[in-house]
There are 2 protein chains.
Amino acid sequence: MIEVNRAVASAETPGRRGPKGPRGEVADRILSAARASFGAVGYAQTTLRAVAATADIDPALVTYYFSGKPGLFEAALEPPEGLRDRVKSAASAPLRERGRALIEAMLAQWEDPDFAAIFRSLILTAAHEPLAMERLREVFTGTLLAAMSETLDGEERALRASLVSSQVIGVAMARYVWRVGAIAELDAKDIARYIAPTIQRYLSEPL
Amino acid sequence: MIEVNRAVASAETPGRRGPKGPRGEVADRILSAARASFGAVGYAQTTLRAVAATADIDPALVTYYFSGKPGLFEAALEPPEGLRDRVKSAASAPLRERGRALIEAMLAQWEDPDFAAIFRSLILTAAHEPLAMERLREVFTGTLLAAMSETLDGEERALRASLVSSQVIGVAMARYVWRVGAIAELDAKDIARYIAPTIQRYLSEPL
């Protein structure tokens with residue numbers, strides 16, 4: 001059982017929200033090392049000392065920036081904010097064009113190597129840690145729920161969001177995590193073209 | 001680098017192909033413990049001693065049945081044979097009905113808890129081990145390639161198989177591995193109904 005101090009974790013950490021500069025860089029290096037460790041060995045086996053060594057900084061700085069292991073874990077699991085904004089913006093497209101807008105937004109986000117690294121780590125960490133799994137759930141269904149038509153009732157919104165997420169998860173896994181098949185090789189714009197009609201059907205066509 | 005003795009690994013192991021009975025049960029218990037360990041901690045951190053302890057048998061039996069760690073790893077990664085057979089049978093359906101046949105075959109296979117456990121372990125192991133990743137690639141694209149229309153040229157077959165696998169992987173991850181959203185709750189027959197038109201489009205409709 002992982003006890004995470006949410007009050008600590010939701011406090012602003014310089015590396016994520018603070019000003020750019022040396023402080024932010026150090027926090028980012030710590031987070032990057034932490035994500036690699038949580039993804040590879042899970043929460044229990046991760047030590048602040050090892051994370052500090054990978055980040056090449058003094059262990060005291062990990063505590064200074066993240067208050068301790070629970071705070072570091074929360075910060076490492078936080079999905080990059082870009083995704084939510086991109087999906088929100090795609091969700092403002094007219095319903096009949098939203099399929100294309102959504103898959104393009106997802107692909108644009110994943111093509112950013114920093115985002116992809118964070119996401120891969122979240123997926124690997126979720127294999128060990130229920131809290132990471134909860135975050136993935138929030139990202140894939142919570143975020144997508146907001147993109148559904150406002151005219152649907154709750155149950156159908158949840159069903160359609162889940163169908164959309166099943167296709168988006170598959171593209172993300174095949175292209176960015178497993179790197180398997182033609183879908184790992186194609187240009188993102190070609191993938192968007194092939195996948196958009198599927199997303200559109202899940203969004204607005206009869207099921 | 002994992003050196004796997006393929007000659008040893010492809011030798012028949014009583015637990016998988018041999019007669020049912022006490023010998024098969026022991027081999028299956030070893031395999032089940034091995035899959036859990038490879039999935040959780042990867043190849044390097046897995047010891048025959050720990051696998052034997054989990055399986056509650058003498059460590060010498062692991063060597064007797066699987067020749068050593070490389071042979072045990074190969075056996076643990078072997079996808080259950082049922083999948084290939086089911087996909088082959090679905091692939092013999094007329095092209096216009098093959099989308100439905102394929103997704104039903106995949107779901108039927110995953111609904112078997114033994115298969116699902118093996119597959120989950122393969123997916124977790126693939127996060128650490130390139131050889132496991134290679135097996136996943138074979139399963140998802142190799143197996144599905146055989147279900148494509150014979151009239152397509154090679155490049156289009158590969159593209160369409162990859163699109164099919166992107167949807168199948170997403171359903172498998174969302175329903176059986178992450179257990180997230182409506183798709184984790186629905187009856188398999190409802191999922192087949194919602195997903196079949198997508199598979200059919202990737203199989204035989206204009207892209």
# chains A, B, ... in the order shown; residues from 1 in each chain; ligands from 1
>>> residues_around(residues="stretch 125-130 of chain B", least_positions_apart="2", cutoff="8 Å", atoms="only C-alpha atoms", output="ChimeraX atom specification")
/A:40,124 /B:38-40,42-43,121-123,132-134,136
>>> write_last_selection(atoms="N, CA, C and O atoms", output="CSV table (one decimal), in the first residue's frame")
chain,number,residue,atom,x,y,z
A,40,ALA,N,10.9,1.1,-14.1
A,40,ALA,CA,11.7,-0.2,-14.2
A,40,ALA,C,11.4,-1.1,-13.0
A,40,ALA,O,11.3,-2.3,-13.1
A,124,LEU,N,4.6,1.9,-18.0
A,124,LEU,CA,5.4,0.8,-17.3
A,124,LEU,C,5.2,0.8,-15.8
A,124,LEU,O,5.1,-0.2,-15.2
B,38,PHE,N,9.2,-13.2,-14.5
B,38,PHE,CA,9.7,-12.5,-15.7
B,38,PHE,C,8.9,-11.2,-15.9
B,38,PHE,O,9.5,-10.2,-16.2
B,39,GLY,N,7.6,-11.3,-15.7
B,39,GLY,CA,6.8,-10.1,-15.8
B,39,GLY,C,7.1,-9.0,-14.8
B,39,GLY,O,7.1,-7.8,-15.1
B,40,ALA,N,7.3,-9.5,-13.5
B,40,ALA,CA,7.5,-8.5,-12.5
B,40,ALA,C,8.9,-7.9,-12.4
B,40,ALA,O,9.1,-6.7,-12.2
B,42,GLY,N,11.7,-9.0,-14.7
B,42,GLY,CA,12.5,-9.2,-15.9
B,42,GLY,C,13.4,-10.5,-15.8
B,42,GLY,O,13.4,-11.2,-14.9
B,43,TYR,N,14.2,-10.7,-16.9
B,43,TYR,CA,15.0,-11.9,-17.0
B,43,TYR,C,16.1,-11.9,-16.0
B,43,TYR,O,16.3,-12.9,-15.3
B,121,SER,N,1.3,-11.5,-18.7
B,121,SER,CA,2.7,-11.7,-18.3
B,121,SER,C,3.6,-11.4,-19.5
B,121,SER,O,4.6,-10.7,-19.4
B,122,LEU,N,3.2,-11.8,-20.7
B,122,LEU,CA,4.0,-11.5,-21.9
B,122,LEU,C,4.1,-10.0,-22.1
B,122,LEU,O,5.2,-9.4,-22.4
B,123,ILE,N,3.0,-9.3,-21.9
B,123,ILE,CA,3.0,-7.8,-22.1
B,123,ILE,C,3.9,-7.1,-21.0
B,123,ILE,O,4.6,-6.2,-21.3
B,132,ALA,N,10.8,-10.8,-25.5
B,132,ALA,CA,9.3,-10.9,-25.3
B,132,ALA,C,8.6,-9.9,-26.2
B,132,ALA,O,7.5,-10.2,-26.7
B,133,MET,N,9.2,-8.8,-26.4
B,133,MET,CA,8.6,-7.8,-27.4
B,133,MET,C,8.5,-8.4,-28.8
B,133,MET,O,7.5,-8.2,-29.5
B,134,GLU,N,9.5,-9.1,-29.2
B,134,GLU,CA,9.5,-9.8,-30.5
B,134,GLU,C,8.4,-10.8,-30.6
B,134,GLU,O,7.7,-10.9,-31.6
B,136,LEU,N,5.5,-10.6,-29.0
B,136,LEU,CA,4.3,-9.8,-29.1
B,136,LEU,C,4.1,-9.4,-30.5
B,136,LEU,O,3.0,-9.4,-31.1
>>> interface_residues(of="chain A", to="chain B", cutoff="8 Å", atoms="only C-alpha atoms", output="ChimeraX atom specification")
/A:40-41,124,127-128,133,137,141,158-159,162-163,165-171,173-174,178,180-183,194,198,207
>>> atom_distance(atom1="atom CA of B:Lys189", atom2="atom CA of B:Asp112")
14.5 Å
>>> atom_distance(atom1="atom CA of A:Ser92", atom2="atom CA of A:Ala75")
29.0 Å
>>> select_by_dssp(residues="stretch 105-191 of chain A", states="helix (DSSP H, G or I)", output="PyMOL selection string")
chain A and resi 105-111+113-126+130-145+154-177+182-184+188-191
>>> residues_around(residues="A:Ile118", least_positions_apart="4", cutoff="9 Å", atoms="only C-alpha atoms", output="list in words")
Ser32, Arg35, Ala36, Ala76, Leu77, Glu78, Pro79, Pro80, Pro113, Asp114, Leu122 and Ile123 of chain A
>>> atom_distance(atom1="atom CA of A:Ala147", atom2="atom CA of A:Arg98")
8.2 Å
>>> residues_around(residues="A:Arg49", least_positions_apart="3", cutoff="10 Å", atoms="only C-alpha atoms", output="PDB file with all heavy atoms, in the first residue's frame")
ATOM      1  N   THR A  46      12.249   1.723  -5.460  1.00  0.00           N
ATOM      2  CA  THR A  46      12.909   2.990  -5.811  1.00  0.00           C
ATOM      3  C   THR A  46      13.419   3.676  -4.550  1.00  0.00           C
ATOM      4  O   THR A  46      12.693   3.778  -3.564  1.00  0.00           O
ATOM      5  CB  THR A  46      11.914   3.912  -6.546  1.00  0.00           C
ATOM      6  OG1 THR A  46      11.638   3.347  -7.831  1.00  0.00           O
ATOM      7  CG2 THR A  46      12.473   5.314  -6.732  1.00  0.00           C
ATOM      8  N   ALA A  52      18.776  10.204  -6.951  1.00  0.00           N
ATOM      9  CA  ALA A  52      19.718  11.323  -6.901  1.00  0.00           C
ATOM     10  C   ALA A  52      21.003  10.987  -7.660  1.00  0.00           C
ATOM     11  O   ALA A  52      21.541  11.825  -8.393  1.00  0.00           O
ATOM     12  CB  ALA A  52      20.038  11.673  -5.449  1.00  0.00           C
ATOM     13  N   ALA A  53      21.457   9.736  -7.517  1.00  0.00           N
ATOM     14  CA  ALA A  53      22.683   9.334  -8.208  1.00  0.00           C
ATOM     15  C   ALA A  53      22.485   9.384  -9.724  1.00  0.00           C
ATOM     16  O   ALA A  53      23.338   9.890 -10.458  1.00  0.00           O
ATOM     17  CB  ALA A  53      23.096   7.921  -7.774  1.00  0.00           C
ATOM     18  N   THR A  54      21.331   8.872 -10.204  1.00  0.00           N
ATOM     19  CA  THR A  54      21.062   8.915 -11.645  1.00  0.00           C
ATOM     20  C   THR A  54      20.976  10.364 -12.131  1.00  0.00           C
ATOM     21  O   THR A  54      21.454  10.699 -13.212  1.00  0.00           O
ATOM     22  CB  THR A  54      19.727   8.195 -11.959  1.00  0.00           C
ATOM     23  OG1 THR A  54      19.795   6.876 -11.426  1.00  0.00           O
ATOM     24  CG2 THR A  54      19.482   8.116 -13.462  1.00  0.00           C
ATOM     25  N   ALA A  55      20.346  11.212 -11.323  1.00  0.00           N
ATOM     26  CA  ALA A  55      20.186  12.619 -11.713  1.00  0.00           C
ATOM     27  C   ALA A  55      21.477  13.407 -11.496  1.00  0.00           C
ATOM     28  O   ALA A  55      21.578  14.564 -11.898  1.00  0.00           O
ATOM     29  CB  ALA A  55      19.045  13.252 -10.931  1.00  0.00           C
ATOM     30  N   ILE A  57      22.818  14.521  -8.638  1.00  0.00           N
ATOM     31  CA  ILE A  57      22.669  15.632  -7.691  1.00  0.00           C
ATOM     32  C   ILE A  57      22.733  15.105  -6.253  1.00  0.00           C
ATOM     33  O   ILE A  57      22.698  13.893  -6.032  1.00  0.00           O
ATOM     34  CB  ILE A  57      21.311  16.353  -7.859  1.00  0.00           C
ATOM     35  CG1 ILE A  57      20.175  15.331  -7.812  1.00  0.00           C
ATOM     36  CG2 ILE A  57      21.229  17.154  -9.159  1.00  0.00           C
ATOM     37  CD1 ILE A  57      19.186  15.603  -6.792  1.00  0.00           C
ATOM     38  N   ASP A  58      22.794  16.000  -5.317  1.00  0.00           N
ATOM     39  CA  ASP A  58      22.837  15.642  -3.903  1.00  0.00           C
ATOM     40  C   ASP A  58      21.463  15.115  -3.472  1.00  0.00           C
ATOM     41  O   ASP A  58      20.445  15.733  -3.777  1.00  0.00           O
ATOM     42  CB  ASP A  58      23.207  16.899  -3.095  1.00  0.00           C
ATOM     43  CG  ASP A  58      23.466  16.572  -1.632  1.00  0.00           C
ATOM     44  OD1 ASP A  58      22.527  16.073  -0.956  1.00  0.00           O
ATOM     45  OD2 ASP A  58      24.585  16.803  -1.173  1.00  0.00           O
ATOM     46  N   PRO A  59      21.403  13.961  -2.749  1.00  0.00           N
ATOM     47  CA  PRO A  59      20.112  13.395  -2.328  1.00  0.00           C
ATOM     48  C   PRO A  59      19.240  14.398  -1.558  1.00  0.00           C
ATOM     49  O   PRO A  59      18.014  14.343  -1.634  1.00  0.00           O
ATOM     50  CB  PRO A  59      20.508  12.229  -1.425  1.00  0.00           C
ATOM     51  CG  PRO A  59      21.868  11.828  -1.886  1.00  0.00           C
ATOM     52  CD  PRO A  59      22.532  13.085  -2.364  1.00  0.00           C
ATOM     53  N   ALA A  60      19.861  15.325  -0.845  1.00  0.00           N
ATOM     54  CA  ALA A  60      19.074  16.295  -0.069  1.00  0.00           C
ATOM     55  C   ALA A  60      18.190  17.151  -0.971  1.00  0.00           C
ATOM     56  O   ALA A  60      17.126  17.624  -0.565  1.00  0.00           O
ATOM     57  CB  ALA A  60      20.012  17.192   0.745  1.00  0.00           C
ATOM     58  N   VAL A  62      16.521  16.142  -3.568  1.00  0.00           N
ATOM     59  CA  VAL A  62      15.277  15.432  -3.885  1.00  0.00           C
ATOM     60  C   VAL A  62      14.239  15.761  -2.822  1.00  0.00           C
ATOM     61  O   VAL A  62      13.079  16.073  -3.120  1.00  0.00           O
ATOM     62  CB  VAL A  62      15.491  13.903  -3.980  1.00  0.00           C
ATOM     63  CG1 VAL A  62      14.180  13.205  -4.325  1.00  0.00           C
ATOM     64  CG2 VAL A  62      16.557  13.561  -5.013  1.00  0.00           C
TER      65      VAL A  62
END
